[in-house]
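Chemist: Sharing query_7.pdb here; it has PDB, C-alpha atoms and all ligand atoms.
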ATOM      1  CA  MET A 261    -161.952 131.617  -4.936  1.00  0.00           C
ATOM      2  CA  SER A 262    -161.979 128.078  -6.306  1.00  0.00           C
ATOM      3  CA  GLU A 263    -163.493 125.298  -4.262  1.00  0.00           C
ATOM      4  CA  SER A 264    -160.137 123.522  -4.004  1.00  0.00           C
ATOM      5  CA  GLY A 265    -158.577 126.700  -2.571  1.00  0.00           C
ATOM      6  CA  ASP A 266    -160.791 126.282   0.497  1.00  0.00           C
ATOM      7  CA  GLN A 267    -159.737 122.682   1.145  1.00  0.00           C
ATOM      8  CA  PRO A 268    -157.281 122.037   3.971  1.00  0.00           C
ATOM      9  CA  ALA A 269    -153.986 120.380   2.936  1.00  0.00           C
ATOM     10  CA  PRO A 270    -154.481 116.571   2.782  1.00  0.00           C
ATOM     11  CA  ALA A 271    -153.304 114.471   5.700  1.00  0.00           C
ATOM     12  CA  GLU A 272    -149.921 112.804   5.261  1.00  0.00           C
ATOM     13  CA  ARG A 273    -148.078 109.914   6.867  1.00  0.00           C
ATOM     14  CA  LEU A 274    -146.559 110.891  10.213  1.00  0.00           C
ATOM     15  CA  ALA A 275    -143.082 109.549   9.362  1.00  0.00           C
ATOM     16  CA  LYS A 276    -143.063 111.535   6.105  1.00  0.00           C
ATOM     17  CA  ILE A 277    -143.816 114.778   7.945  1.00  0.00           C
ATOM     18  CA  MET A 278    -141.048 114.064  10.476  1.00  0.00           C
ATOM     19  CA  ALA A 279    -138.505 113.366   7.718  1.00  0.00           C
ATOM     20  CA  ARG A 280    -139.516 116.547   5.899  1.00  0.00           C
ATOM     21  CA  HIS A 281    -138.652 118.584   8.974  1.00  0.00           C
ATOM     22  CA  GLY A 282    -135.089 117.370   8.519  1.00  0.00           C
ATOM     23  CA  LEU A 283    -135.033 115.508  11.815  1.00  0.00           C
ATOM     24  CA  CYS A 284    -134.353 112.007  10.553  1.00  0.00           C
ATOM     25  CA  SER A 285    -134.940 109.681   7.609  1.00  0.00           C
ATOM     26  CA  ARG A 286    -138.385 108.213   7.037  1.00  0.00           C
ATOM     27  CA  ARG A 287    -137.111 104.814   8.159  1.00  0.00           C
ATOM     28  CA  GLU A 288    -135.729 106.254  11.406  1.00  0.00           C
ATOM     29  CA  ALA A 289    -139.009 108.127  11.975  1.00  0.00           C
ATOM     30  CA  GLU A 290    -140.946 104.849  11.689  1.00  0.00           C
ATOM     31  CA  GLN A 291    -138.634 103.280  14.276  1.00  0.00           C
ATOM     32  CA  TRP A 292    -138.997 106.262  16.636  1.00  0.00           C
ATOM     33  CA  ILE A 293    -142.787 105.904  16.362  1.00  0.00           C
ATOM     34  CA  ARG A 294    -142.579 102.181  17.209  1.00  0.00           C
ATOM     35  CA  ASP A 295    -140.283 103.094  20.135  1.00  0.00           C
ATOM     36  CA  GLY A 296    -143.082 105.267  21.574  1.00  0.00           C
ATOM     37  CA  ARG A 297    -141.170 108.552  21.237  1.00  0.00           C
ATOM     38  CA  VAL A 298    -143.741 110.337  19.088  1.00  0.00           C
ATOM     39  CA  ALA A 299    -147.054 111.956  20.067  1.00  0.00           C
ATOM     40  CA  VAL A 300    -149.772 113.706  18.063  1.00  0.00           C
ATOM     41  CA  ASN A 301    -151.881 116.300  19.892  1.00  0.00           C
ATOM     42  CA  GLY A 302    -150.546 114.948  23.179  1.00  0.00           C
ATOM     43  CA  HIS A 303    -151.413 111.269  22.487  1.00  0.00           C
ATOM     44  CA  LYS A 304    -148.623 108.752  21.940  1.00  0.00           C
ATOM     45  CA  VAL A 305    -148.768 107.107  18.472  1.00  0.00           C
ATOM     46  CA  MET A 306    -147.337 103.581  18.227  1.00  0.00           C
ATOM     47  CA  THR A 307    -147.922 102.757  14.555  1.00  0.00           C
ATOM     48  CA  PRO A 308    -146.341 104.427  11.502  1.00  0.00           C
ATOM     49  CA  ALA A 309    -149.635 103.861   9.608  1.00  0.00           C
ATOM     50  CA  PHE A 310    -150.968 107.134  10.991  1.00  0.00           C
ATOM     51  CA  ASN A 311    -151.912 110.266   9.037  1.00  0.00           C
ATOM     52  CA  VAL A 312    -151.554 113.800  10.321  1.00  0.00           C
ATOM     53  CA  ALA A 313    -152.837 117.146   9.014  1.00  0.00           C
ATOM     54  CA  ALA A 314    -150.951 120.452   9.078  1.00  0.00           C
ATOM     55  CA  SER A 315    -153.014 121.538  12.114  1.00  0.00           C
ATOM     56  CA  ASP A 316    -151.902 118.521  14.228  1.00  0.00           C
ATOM     57  CA  GLU A 317    -149.170 119.082  16.801  1.00  0.00           C
ATOM     58  CA  VAL A 318    -146.407 116.479  16.516  1.00  0.00           C
ATOM     59  CA  THR A 319    -143.847 116.047  19.300  1.00  0.00           C
ATOM     60  CA  VAL A 320    -140.750 113.831  19.521  1.00  0.00           C
ATOM     61  CA  ASP A 321    -139.556 113.059  23.057  1.00  0.00           C
ATOM     62  CA  GLY A 322    -141.971 115.804  24.154  1.00  0.00           C
ATOM     63  CA  ALA A 323    -140.432 118.520  21.931  1.00  0.00           C
ATOM     64  CA  PRO A 324    -142.396 120.005  18.989  1.00  0.00           C
ATOM     65  CA  LEU A 325    -140.992 119.548  15.464  1.00  0.00           C
ATOM     66  CA  ALA A 326    -138.826 122.466  14.359  1.00  0.00           C
ATOM     67  CA  PRO A 327    -140.301 124.621  11.575  1.00  0.00           C
ATOM     68  CA  LYS A 328    -139.582 123.344   8.057  1.00  0.00           C
ATOM     69  CA  ARG A 329    -136.188 124.559   6.814  1.00  0.00           C
ATOM     70  CA  ALA A 330    -135.701 126.574   3.613  1.00  0.00           C
ATOM     71  CA  THR A 331    -134.682 124.432   0.642  1.00  0.00           C
ATOM     72  CA  ARG A 332    -130.956 124.370   0.096  1.00  0.00           C
ATOM     73  CA  ILE A 333    -128.585 122.722  -2.389  1.00  0.00           C
ATOM     74  CA  TRP A 334    -124.916 121.889  -1.898  1.00  0.00           C
ATOM     75  CA  LEU A 335    -122.283 120.834  -4.430  1.00  0.00           C
ATOM     76  CA  TYR A 336    -120.007 118.020  -3.315  1.00  0.00           C
ATOM     77  CA  HIS A 337    -116.827 116.835  -5.031  1.00  0.00           C
ATOM     78  CA  LYS A 338    -117.251 113.139  -4.327  1.00  0.00           C
ATOM     79  CA  PRO A 339    -113.979 111.239  -4.026  1.00  0.00           C
ATOM     80  CA  ALA A 340    -113.639 107.718  -5.464  1.00  0.00           C
ATOM     81  CA  GLY A 341    -114.149 104.898  -2.954  1.00  0.00           C
ATOM     82  CA  LEU A 342    -117.347 106.074  -1.244  1.00  0.00           C
ATOM     83  CA  VAL A 343    -120.811 104.582  -1.821  1.00  0.00           C
ATOM     84  CA  VAL A 344    -123.829 106.862  -2.226  1.00  0.00           C
ATOM     85  CA  THR A 345    -126.233 105.177   0.173  1.00  0.00           C
ATOM     86  CA  GLU A 346    -127.426 105.724   3.754  1.00  0.00           C
ATOM     87  CA  HIS A 347    -126.623 102.182   4.885  1.00  0.00           C
ATOM     88  CA  ASP A 348    -124.312  99.913   2.944  1.00  0.00           C
ATOM     89  CA  PRO A 349    -125.042  96.237   3.655  1.00  0.00           C
ATOM     90  CA  GLU A 350    -121.381  95.459   2.817  1.00  0.00           C
ATOM     91  CA  GLY A 351    -120.141  98.042   5.349  1.00  0.00           C
ATOM     92  CA  ARG A 352    -118.194 100.122   2.815  1.00  0.00           C
ATOM     93  CA  PRO A 353    -117.575 103.809   3.634  1.00  0.00           C
ATOM     94  CA  THR A 354    -120.452 106.062   2.542  1.00  0.00           C
ATOM     95  CA  VAL A 355    -120.571 109.701   1.428  1.00  0.00           C
ATOM     96  CA  PHE A 356    -122.951 110.437   4.322  1.00  0.00           C
ATOM     97  CA  GLU A 357    -120.458 109.163   6.924  1.00  0.00           C
ATOM     98  CA  LYS A 358    -117.772 111.295   5.284  1.00  0.00           C
ATOM     99  CA  LEU A 359    -120.063 114.357   5.243  1.00  0.00           C
ATOM    100  CA  ALA A 360    -121.018 113.951   8.916  1.00  0.00           C
ATOM    101  CA  GLY A 361    -117.973 115.993   9.972  1.00  0.00           C
ATOM    102  CA  GLU A 362    -118.738 118.858   7.561  1.00  0.00           C
ATOM    103  CA  GLY A 363    -121.327 120.643   9.722  1.00  0.00           C
ATOM    104  CA  LEU A 364    -124.186 120.051   7.253  1.00  0.00           C
ATOM    105  CA  PRO A 365    -127.789 119.421   8.334  1.00  0.00           C
ATOM    106  CA  ARG A 366    -129.346 116.102   7.297  1.00  0.00           C
ATOM    107  CA  VAL A 367    -128.911 115.956   3.514  1.00  0.00           C
ATOM    108  CA  LEU A 368    -130.043 113.704   0.677  1.00  0.00           C
ATOM    109  CA  SER A 369    -128.200 113.057  -2.566  1.00  0.00           C
ATOM    110  CA  VAL A 370    -129.758 113.855  -5.925  1.00  0.00           C
ATOM    111  CA  GLY A 371    -129.256 110.550  -7.733  1.00  0.00           C
ATOM    112  CA  ARG A 372    -126.191 108.399  -7.220  1.00  0.00           C
ATOM    113  CA  LEU A 373    -122.678 107.901  -8.486  1.00  0.00           C
ATOM    114  CA  ASP A 374    -120.987 104.501  -8.485  1.00  0.00           C
ATOM    115  CA  ILE A 375    -118.423 103.812  -5.761  1.00  0.00           C
ATOM    116  CA  ASN A 376    -115.450 104.554  -8.021  1.00  0.00           C
ATOM    117  CA  THR A 377    -117.013 107.537  -9.778  1.00  0.00           C
ATOM    118  CA  GLU A 378    -115.680 110.948  -8.759  1.00  0.00           C
ATOM    119  CA  GLY A 379    -116.954 114.447  -9.234  1.00  0.00           C
ATOM    120  CA  LEU A 380    -120.085 116.484  -8.815  1.00  0.00           C
ATOM    121  CA  LEU A 381    -122.817 115.136  -6.552  1.00  0.00           C
ATOM    122  CA  LEU A 382    -125.734 117.398  -5.653  1.00  0.00           C
ATOM    123  CA  LEU A 383    -127.008 117.328  -2.071  1.00  0.00           C
ATOM    124  CA  THR A 384    -130.232 118.854  -0.771  1.00  0.00           C
ATOM    125  CA  ASN A 385    -132.187 119.068   2.474  1.00  0.00           C
ATOM    126  CA  ASP A 386    -135.486 118.839   0.524  1.00  0.00           C
ATOM    127  CA  GLY A 387    -136.855 115.387  -0.371  1.00  0.00           C
ATOM    128  CA  GLY A 388    -139.401 116.918  -2.799  1.00  0.00           C
ATOM    129  CA  LEU A 389    -136.669 118.691  -4.761  1.00  0.00           C
ATOM    130  CA  LYS A 390    -134.580 115.508  -4.826  1.00  0.00           C
ATOM    131  CA  ARG A 391    -137.469 113.574  -6.381  1.00  0.00           C
ATOM    132  CA  VAL A 392    -138.182 116.257  -9.011  1.00  0.00           C
ATOM    133  CA  LEU A 393    -134.528 116.478 -10.060  1.00  0.00           C
ATOM    134  CA  GLU A 394    -134.348 112.683 -10.328  1.00  0.00           C
ATOM    135  CA  LEU A 395    -137.443 112.418 -12.580  1.00  0.00           C
ATOM    136  CA  PRO A 396    -136.609 111.364 -16.164  1.00  0.00           C
ATOM    137  CA  VAL A 397    -138.668 114.308 -17.512  1.00  0.00           C
ATOM    138  CA  THR A 398    -136.367 116.781 -15.727  1.00  0.00           C
ATOM    139  CA  GLY A 399    -133.587 115.393 -17.958  1.00  0.00           C
ATOM    140  CA  TRP A 400    -130.760 117.698 -16.910  1.00  0.00           C
ATOM    141  CA  LEU A 401    -127.551 117.258 -18.917  1.00  0.00           C
ATOM    142  CA  ARG A 402    -124.858 115.342 -17.035  1.00  0.00           C
ATOM    143  CA  ARG A 403    -121.321 115.673 -18.375  1.00  0.00           C
ATOM    144  CA  TYR A 404    -118.507 113.264 -17.579  1.00  0.00           C
ATOM    145  CA  ARG A 405    -114.782 113.149 -18.287  1.00  0.00           C
ATOM    146  CA  VAL A 406    -113.936 109.525 -18.914  1.00  0.00           C
ATOM    147  CA  ARG A 407    -110.690 107.584 -19.141  1.00  0.00           C
ATOM    148  CA  ALA A 408    -111.148 104.187 -20.729  1.00  0.00           C
ATOM    149  CA  HIS A 409    -108.885 101.377 -21.798  1.00  0.00           C
ATOM    150  CA  GLY A 410    -109.153 100.502 -25.490  1.00  0.00           C
ATOM    151  CA  THR A 411    -109.520 102.274 -28.796  1.00  0.00           C
ATOM    152  CA  VAL A 412    -112.470 104.027 -30.412  1.00  0.00           C
ATOM    153  CA  THR A 413    -113.102 106.359 -33.342  1.00  0.00           C
ATOM    154  CA  GLN A 414    -115.113 109.579 -33.303  1.00  0.00           C
ATOM    155  CA  ALA A 415    -117.445 107.975 -35.872  1.00  0.00           C
ATOM    156  CA  GLN A 416    -118.256 105.143 -33.424  1.00  0.00           C
ATOM    157  CA  LEU A 417    -118.937 107.717 -30.708  1.00  0.00           C
ATOM    158  CA  ASP A 418    -121.142 109.782 -33.047  1.00  0.00           C
ATOM    159  CA  ALA A 419    -123.365 106.719 -33.566  1.00  0.00           C
ATOM    160  CA  LEU A 420    -124.353 106.946 -29.877  1.00  0.00           C
ATOM    161  CA  LYS A 421    -126.401 110.088 -30.676  1.00  0.00           C
ATOM    162  CA  ALA A 422    -129.108 107.769 -32.028  1.00  0.00           C
ATOM    163  CA  GLY A 423    -129.299 105.853 -28.728  1.00  0.00           C
ATOM    164  CA  ILE A 424    -128.308 102.240 -28.188  1.00  0.00           C
ATOM    165  CA  GLU A 425    -129.902  99.097 -26.753  1.00  0.00           C
ATOM    166  CA  ILE A 426    -127.707  96.818 -24.615  1.00  0.00           C
ATOM    167  CA  GLU A 427    -129.023  93.594 -23.105  1.00  0.00           C
ATOM    168  CA  GLY A 428    -132.621  94.795 -23.383  1.00  0.00           C
ATOM    169  CA  ILE A 429    -131.970  98.253 -21.866  1.00  0.00           C
ATOM    170  CA  LYS A 430    -132.545 101.257 -24.155  1.00  0.00           C
ATOM    171  CA  TYR A 431    -130.169 104.169 -23.568  1.00  0.00           C
ATOM    172  CA  GLY A 432    -131.119 107.584 -24.999  1.00  0.00           C
ATOM    173  CA  SER A 433    -128.996 109.928 -27.059  1.00  0.00           C
ATOM    174  CA  ILE A 434    -125.400 110.384 -25.880  1.00  0.00           C
ATOM    175  CA  GLU A 435    -122.917 112.995 -27.127  1.00  0.00           C
ATOM    176  CA  ALA A 436    -119.374 111.745 -26.831  1.00  0.00           C
ATOM    177  CA  THR A 437    -116.149 113.402 -27.982  1.00  0.00           C
ATOM    178  CA  LEU A 438    -112.732 111.790 -28.249  1.00  0.00           C
ATOM    179  CA  GLU A 439    -110.439 114.273 -26.508  1.00  0.00           C
ATOM    180  CA  ARG A 440    -107.080 112.474 -26.558  1.00  0.00           C
ATOM    181  CA  VAL A 441    -105.254 109.164 -26.606  1.00  0.00           C
ATOM    182  CA  GLN A 442    -102.941 108.480 -23.638  1.00  0.00           C
ATOM    183  CA  GLY A 443    -100.952 105.255 -24.026  1.00  0.00           C
ATOM    184  CA  SER A 444    -103.474 102.400 -24.112  1.00  0.00           C
ATOM    185  CA  ASN A 445    -106.277 104.670 -22.825  1.00  0.00           C
ATOM    186  CA  VAL A 446    -108.575 107.251 -24.402  1.00  0.00           C
ATOM    187  CA  TRP A 447    -110.005 110.334 -22.677  1.00  0.00           C
ATOM    188  CA  LEU A 448    -113.567 111.227 -23.654  1.00  0.00           C
ATOM    189  CA  LEU A 449    -116.107 113.894 -22.794  1.00  0.00           C
ATOM    190  CA  VAL A 450    -119.559 112.322 -22.525  1.00  0.00           C
ATOM    191  CA  GLY A 451    -122.926 114.100 -22.130  1.00  0.00           C
ATOM    192  CA  LEU A 452    -126.233 112.400 -21.392  1.00  0.00           C
ATOM    193  CA  ARG A 453    -129.610 113.293 -19.949  1.00  0.00           C
ATOM    194  CA  GLU A 454    -130.653 110.029 -18.298  1.00  0.00           C
ATOM    195  CA  GLY A 455    -129.380 108.727 -15.021  1.00  0.00           C
ATOM    196  CA  LYS A 456    -129.582 105.013 -15.756  1.00  0.00           C
ATOM    197  CA  ASN A 457    -127.565 102.617 -13.634  1.00  0.00           C
ATOM    198  CA  ARG A 458    -123.932 102.363 -14.842  1.00  0.00           C
ATOM    199  CA  GLU A 459    -124.928 104.122 -18.065  1.00  0.00           C
ATOM    200  CA  VAL A 460    -121.500 105.411 -19.104  1.00  0.00           C
ATOM    201  CA  LYS A 461    -119.710 102.135 -18.314  1.00  0.00           C
ATOM    202  CA  ASN A 462    -122.309  99.994 -20.062  1.00  0.00           C
ATOM    203  CA  VAL A 463    -122.572 102.120 -23.201  1.00  0.00           C
ATOM    204  CA  LEU A 464    -118.809 102.503 -23.636  1.00  0.00           C
ATOM    205  CA  GLY A 465    -118.396  98.827 -22.741  1.00  0.00           C
ATOM    206  CA  ALA A 466    -120.577  98.000 -25.748  1.00  0.00           C
ATOM    207  CA  LEU A 467    -117.951  99.782 -27.901  1.00  0.00           C
ATOM    208  CA  GLY A 468    -115.198  97.633 -26.376  1.00  0.00           C
ATOM    209  CA  LEU A 469    -113.944 100.288 -23.937  1.00  0.00           C
ATOM    210  CA  GLU A 470    -113.282  99.590 -20.277  1.00  0.00           C
ATOM    211  CA  VAL A 471    -113.867 102.688 -18.131  1.00  0.00           C
ATOM    212  CA  ASN A 472    -111.150 103.106 -15.497  1.00  0.00           C
ATOM    213  CA  ARG A 473    -111.787 106.701 -14.406  1.00  0.00           C
ATOM    214  CA  LEU A 474    -115.125 108.516 -14.418  1.00  0.00           C
ATOM    215  CA  ILE A 475    -115.512 112.105 -13.246  1.00  0.00           C
ATOM    216  CA  ARG A 476    -118.822 113.979 -13.370  1.00  0.00           C
ATOM    217  CA  VAL A 477    -117.994 117.575 -14.279  1.00  0.00           C
ATOM    218  CA  SER A 478    -121.486 119.073 -14.459  1.00  0.00           C
ATOM    219  CA  PHE A 479    -125.110 118.381 -13.628  1.00  0.00           C
ATOM    220  CA  GLY A 480    -127.640 120.757 -15.255  1.00  0.00           C
ATOM    221  CA  PRO A 481    -126.574 124.326 -14.415  1.00  0.00           C
ATOM    222  CA  PHE A 482    -124.055 123.229 -11.756  1.00  0.00           C
ATOM    223  CA  GLN A 483    -120.341 122.811 -12.505  1.00  0.00           C
ATOM    224  CA  LEU A 484    -117.581 120.974 -10.647  1.00  0.00           C
ATOM    225  CA  GLY A 485    -115.122 123.695 -11.734  1.00  0.00           C
ATOM    226  CA  ASP A 486    -111.965 123.657  -9.622  1.00  0.00           C
ATOM    227  CA  MET A 487    -113.591 122.445  -6.391  1.00  0.00           C
ATOM    228  CA  PRO A 488    -111.006 120.391  -4.476  1.00  0.00           C
ATOM    229  CA  ILE A 489    -111.749 116.664  -3.983  1.00  0.00           C
ATOM    230  CA  GLY A 490    -113.927 116.214  -0.886  1.00  0.00           C
ATOM    231  CA  ALA A 491    -115.042 119.882  -0.798  1.00  0.00           C
ATOM    232  CA  VAL A 492    -118.673 120.899  -0.141  1.00  0.00           C
ATOM    233  CA  GLU A 493    -120.113 124.263  -1.247  1.00  0.00           C
ATOM    234  CA  VAL A 494    -123.562 125.649  -0.575  1.00  0.00           C
ATOM    235  CA  VAL A 495    -125.317 127.095  -3.654  1.00  0.00           C
ATOM    236  CA  ARG A 496    -125.887 130.754  -2.907  1.00  0.00           C
ATOM    237  CA  SER A 497    -127.812 131.867  -6.011  1.00  0.00           C
ATOM    238  CA  ARG A 498    -131.572 131.403  -6.234  1.00  0.00           C
TER     239      ARG A 498
HETATM  240  N1  LIG B   1    -122.398 106.178 -15.408  1.00  0.00           N
HETATM  241  C1  LIG B   1    -121.766 105.174 -14.765  1.00  0.00           C
HETATM  242  O1  LIG B   1    -121.456 104.152 -15.359  1.00  0.00           O
HETATM  243  N2  LIG B   1    -121.473 105.344 -13.461  1.00  0.00           N
HETATM  244  C2  LIG B   1    -121.761 106.473 -12.769  1.00  0.00           C
HETATM  245  O2  LIG B   1    -121.448 106.573 -11.571  1.00  0.00           O
HETATM  246  C3  LIG B   1    -122.414 107.504 -13.448  1.00  0.00           C
HETATM  247  C4  LIG B   1    -122.732 107.330 -14.771  1.00  0.00           C
END
What would you get if you wrote out this structure as structure tokens?

Modeler:
Amino acid sequence: MSESGDQPAPAERLAKIMARHGLCSRREAEQWIRDGRVAVNGHKVMTPAFNVAASDEVTVDGAPLAPKRATRIWLYHKPAGLVVTEHDPEGRPTVFEKLAGEGLPRVLSVGRLDINTEGLLLLTNDGGLKRVLELPVTGWLRRYRVRAHGTVTQAQLDALKAGIEIEGIKYGSIEATLERVQGSNVWLLVGLREGKNREVKNVLGALGLEVNRLIRVSFGPFQLGDMPIGAVEVVRSR
């Protein structure tokens, strides 16, 4: 057996452990600690700057933490008009408020969609999985159906395969297909592997198009398919 195999798991921040058990967010855990609700091995802990090992017994309001839940993923058909954030400083409705009535455990979103973007949003109960799926190296293909005001040629869209720099931000290769013209709008299918802020709007904006409808139809192996708007589905396959 290797030496490292004999080492106990390293100690981790108390609030992180609490959040991982699906009880609360890390921020809430830090507040609960300051409120004196949390004890380690029977001793109240008042500061979030406290590390615990796997062998330590953590209690909240006297009750031990529940065992860690199995990792799960849900697909959500996000409607337009909801922000993807836990707390919106402007008080706009959030996806998490909307999902509160759906009988889900505490979930996190994998990445974000803008307030007016619709379509597939992945949810998970596992913060580690969320971080891995959000890493640029994971680079899952995201596909969007886009309606935009203006005109564009397929040749202009093909040039996006080489990447484009806009106001100092470098966007990677984008595959875009002109599907149809509808009055003064075009409908496009756009595929990209980065999740940069407002990527579709900014890149198409540089071609003179103004995006007025944006629907994510797939994220890696997951498809929006014919899920109704607002529906949530647990992923059953491994
Ligand atoms: N690109 C955008 O501009 N907005 C989104 O919500 C997603 C991709």

Chemist: Mind running chain A against ligand LIG 1 (chain B) at 7 Å and telling me each contacting residue's nearest atom pair with the distance in Å (one decimal), counting only C-alpha atoms and all ligand atoms, chain and number ascending, as JSON lines?

Modeler:
{"residue": "A:Arg372", "atom": "CA", "partner": "B:LIG1", "partner_atom": "O2", "distance": 6.7}
{"residue": "A:Leu373", "atom": "CA", "partner": "B:LIG1", "partner_atom": "O2", "distance": 3.6}
{"residue": "A:Asp374", "atom": "CA", "partner": "B:LIG1", "partner_atom": "O2", "distance": 3.7}
{"residue": "A:Thr377", "atom": "CA", "partner": "B:LIG1", "partner_atom": "O2", "distance": 4.9}
{"residue": "A:Gly455", "atom": "CA", "partner": "B:LIG1", "partner_atom": "C4", "distance": 6.8}
{"residue": "A:Asn457", "atom": "CA", "partner": "B:LIG1", "partner_atom": "C1", "distance": 6.4}
{"residue": "A:Arg458", "atom": "CA", "partner": "B:LIG1", "partner_atom": "O1", "distance": 3.1}
{"residue": "A:Glu459", "atom": "CA", "partner": "B:LIG1", "partner_atom": "N1", "distance": 4.2}
{"residue": "A:Val460", "atom": "CA", "partner": "B:LIG1", "partner_atom": "N1", "distance": 3.9}
{"residue": "A:Lys461", "atom": "CA", "partner": "B:LIG1", "partner_atom": "O1", "distance": 4.0}
{"residue": "A:Asn462", "atom": "CA", "partner": "B:LIG1", "partner_atom": "O1", "distance": 6.3}

Chemist: Save out the residues we just selected, C-alpha atoms, as a compact mmCIF listing (two decimals), in the coordinates of the input.

Modeler:
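Once written, again_6.txt looks like this:
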# COMPACT_ATOMS: atom_id res chain seq x y z
CA ARG A 372 -126.19 108.40 -7.22
CA LEU A 373 -122.68 107.90 -8.49
CA ASP A 374 -120.99 104.50 -8.48
CA THR A 377 -117.01 107.54 -9.78
CA GLY A 455 -129.38 108.73 -15.02
CA ASN A 457 -127.56 102.62 -13.63
CA ARG A 458 -123.93 102.36 -14.84
CA GLU A 459 -124.93 104.12 -18.07
CA VAL A 460 -121.50 105.41 -19.10
CA LYS A 461 -119.71 102.14 -18.31
CA ASN A 462 -122.31 99.99 -20.06

Chemist: Neighbours of Cys284 in chain A within 10 Å (all atoms listed in the file; same-chain residues fewer than 6 positions away dropped), as a PDB file with C-alpha atoms, in the coordinates of the input?

Modeler:
ATOM      1  CA  ALA A 275    -143.082 109.549   9.362  1.00  0.00           C
ATOM      2  CA  LYS A 276    -143.063 111.535   6.105  1.00  0.00           C
ATOM      3  CA  MET A 278    -141.048 114.064  10.476  1.00  0.00           C
ATOM      4  CA  GLU A 290    -140.946 104.849  11.689  1.00  0.00           C
ATOM      5  CA  TRP A 292    -138.997 106.262  16.636  1.00  0.00           C
ATOM      6  CA  ARG A 366    -129.346 116.102   7.297  1.00  0.00           C
ATOM      7  CA  VAL A 367    -128.911 115.956   3.514  1.00  0.00           C
TER       8      VAL A 367
END

Chemist: Pull the closest atom pair for each residue of range 341-372 of chain A that gets at most 10 Å from range 389-393 of chain A, along with the distance in Å to one decimal, counting all atoms listed in the file, ordering rows by chain and then ascending residue number, as CSV.

Modeler:
residue,atom,partner,partner_atom,distance
A:Leu368,CA,A:Lys390,CA,7.4
A:Ser369,CA,A:Lys390,CA,7.2
A:Val370,CA,A:Lys390,CA,5.2
A:Gly371,CA,A:Lys390,CA,7.8

Chemist: Let's have the selection written as a short mmCIF file (atom, residue, chain, number, x, y, z; two decimals), in the frame of the given file, with C-alpha atoms.

Modeler:
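Produced file result-v4.cif, reproduced below:
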data_model
loop_
_atom_site.label_atom_id
_atom_site.label_comp_id
_atom_site.auth_asym_id
_atom_site.auth_seq_id
_atom_site.Cartn_x
_atom_site.Cartn_y
_atom_site.Cartn_z
CA LEU A 368 -130.04 113.70 0.68
CA SER A 369 -128.20 113.06 -2.57
CA VAL A 370 -129.76 113.86 -5.92
CA GLY A 371 -129.26 110.55 -7.73
#

Chemist: Could you state the separation of CA of Gly465 in chain A and CA of Thr411 in chain A in Å, given to one decimal place?

Modeler: 11.3 Å

Chemist: Please enumerate the residues selected by the PyMOL selection byres (((chain A and resi 446-449) around 7) and not hetatm) when evaluated against the supplied file, formatted as a PyMOL selection string.

Modeler: chain A and resi 404-411+436-442+445+450-451

Chemist: Can you pull out every residue within 10 Å of His337 in chain A, counting all atoms listed in the file, but drop anything in the same chain fewer than 4 positions away, and send it as JSON, numbers by chain?

Modeler: {"A": [378, 379, 380, 381, 382, 475, 476, 477, 484, 485, 486, 487, 488, 489, 490, 491, 492, 493]}

Chemist: In Å, with one decimal, what is the gap from CA of Lys456 in chain A to CA of Lys430 in chain A?

Modeler: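 Going from CA of Lys456 in chain A over to CA of Lys430 in chain A covers 9.7 Å.
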
Chemist: What is the CA of Pro324 in chain A to CA of Thr384 in chain A distance in Å?

Modeler: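 According to the coordinates, CA of Pro324 in chain A and CA of Thr384 in chain A are separated by 23.2 Å.
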
Chemist: Need the shell around Leu364 in chain A: protein/DNA/RNA residues with any atom at most 12 Å away, counting only C-alpha atoms. Skip same-chain ones fewer than 6 positions apart. Format as a PyMOL selection string?

Modeler: chain A and resi 282+332-336+356-358+383-385+492-494

Chemist: Evaluated on this file, the PyMOL selection byres (((chain A and resi 431-434) around 9) and not hetatm) picks out some residues - which ones are they, written as JSON, numbers by chain?

Modeler: {"A": [417, 418, 419, 420, 421, 422, 423, 424, 425, 426, 429, 430, 435, 436, 450, 451, 452, 453, 454, 456, 459, 463]}

Chemist: Do a neighbour search on Val320 in chain A at 10 Å with only C-alpha atoms, toss out local chain neighbours closer than 5 positions, and write the hits as a compact mmCIF listing (two decimals) with C-alpha atoms, in the frame of the given file.

Modeler:
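What ended up in result-v9.txt:
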# COMPACT_ATOMS: atom_id res chain seq x y z
CA MET A 278 -141.05 114.06 10.48
CA LEU A 283 -135.03 115.51 11.82
CA ALA A 289 -139.01 108.13 11.98
CA TRP A 292 -139.00 106.26 16.64
CA ILE A 293 -142.79 105.90 16.36
CA GLY A 296 -143.08 105.27 21.57
CA ARG A 297 -141.17 108.55 21.24
CA VAL A 298 -143.74 110.34 19.09
CA ALA A 299 -147.05 111.96 20.07
CA VAL A 300 -149.77 113.71 18.06
CA LYS A 304 -148.62 108.75 21.94
CA LEU A 325 -140.99 119.55 15.46

Chemist: Looking at A:Ser478, A:Gln414, A:Leu274, A:Gly468, which one is nearest to Thr319 in chain A, with distances taken over all atoms listed in the file?

Modeler: A:Leu274

Chemist: Nearest to Thr413 in chain A among A:Ala279, A:Val344, A:Leu467, A:Ala271, with distances taken over only C-alpha atoms: which residue is it?

Modeler: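 Of A:Ala279, A:Val344, A:Leu467, A:Ala271, the one nearest Thr413 in chain A is A:Leu467, counting only C-alpha atoms.
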
Chemist: What's the 12 Å shell around range 347-352 of chain A, counting all atoms listed in the file, without same-chain residues fewer than 6 positions away, as a list in words?

Modeler: Ser285, Arg287, Glu288, Gly341, Lys358 and Ile375 of chain A

Chemist: Considering all atoms listed in the file, can you say which of A:Asp295, A:Glu427, A:Glu346, A:Asp386 comes closest to His281 in chain A?

Modeler: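 Among A:Asp295, A:Glu427, A:Glu346, A:Asp386, it is A:Asp386 that comes nearest to His281 in chain A.
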